[in-house]
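Note sheet for the following structure.
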Amino acid sequence: MPTCQKCKNKWSWKQTFKKSFTFTNAMTCPYCGEKQYITARTRKISASFSLAVFA
């Protein structure tokens, strides 16, 4: 699960899944409101996973 870099709270699976379907690179922390950015590595993993699920 992702952890906020500012407040150090872990996001739940539901929050992470919901936020991963936005079209922006920034995801707002549900606890402190700080913007979080996903890394290139995470984008590659999630793209590979989504292709495997839909194939």
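Letters A, B, ... go to the chains of the structure tokens in the order shown; residues in each chain start at 1; ligands are counted from 1 in the same order.
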
I'd like the contact shell of Arg43 (chain A) - 12 Å cut-off, only C-alpha atoms, skipping same-chain residues fewer than 4 positions apart - returned as a PyMOL selection string. chain A and resi 20-21+24-25+37-39+47-50

Requested in this report: Can you list, as a ChimeraX atom specification, all residues belonging to chain A that DSSP tags as strand (DSSP E or B)?
Outcome: /A:3,10,26-28,35-37

If you keep C-alpha atoms, can you produce a file of those selected residues as a PDB file, in the first residue's frame?
ATOM      1  CA  THR A   3       2.370   5.622   2.232  1.00  0.00           C
ATOM      2  CA  LYS A  10      -0.841   4.201   4.774  1.00  0.00           C
ATOM      3  CA  ALA A  26      -0.927  13.593  -8.881  1.00  0.00           C
ATOM      4  CA  MET A  27      -2.978  11.784  -6.272  1.00  0.00           C
ATOM      5  CA  THR A  28      -4.169  13.663  -3.186  1.00  0.00           C
ATOM      6  CA  LYS A  35      -0.345  15.806  -3.506  1.00  0.00           C
ATOM      7  CA  GLN A  36       1.531  12.558  -4.102  1.00  0.00           C
ATOM      8  CA  TYR A  37       3.072  11.536  -7.426  1.00  0.00           C
TER       9      TYR A  37
END

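These are the residues of chain A assigned helix (DSSP H, G or I) by DSSP from backbone coordinates: Trp13, Lys14, Gln15, Thr16, Phe17, Lys18, Lys19, Ala40, Arg41, Thr42, Arg43, Lys44, Ile45, Ser46, Ala47, Ser48, Phe49, Ser50, Leu51, Ala52, Val53 and Phe54 of chain A.
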
- Query: Nearest to Pro2 (chain A) among A:Thr16, A:Thr42, A:Phe23, A:Gly33, with distances taken over only C-alpha atoms: which residue is it?
  - Reply: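 Distance minimum relative to Pro2 (chain A) lands on A:Thr16.
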
If I take CA of Ala40 (chain A) and CA of Lys18 (chain A), how far is one from the other in Å, to one decimal?
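Those two atoms sit 19.0 Å apart.
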
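In this structure, CA of Glu34 (chain A) sits 17.9 Å away from CA of Phe17 (chain A).
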
Taken to one decimal, the CA of Cys29 (chain A)-CA of Cys7 (chain A) distance is 8.9 Å
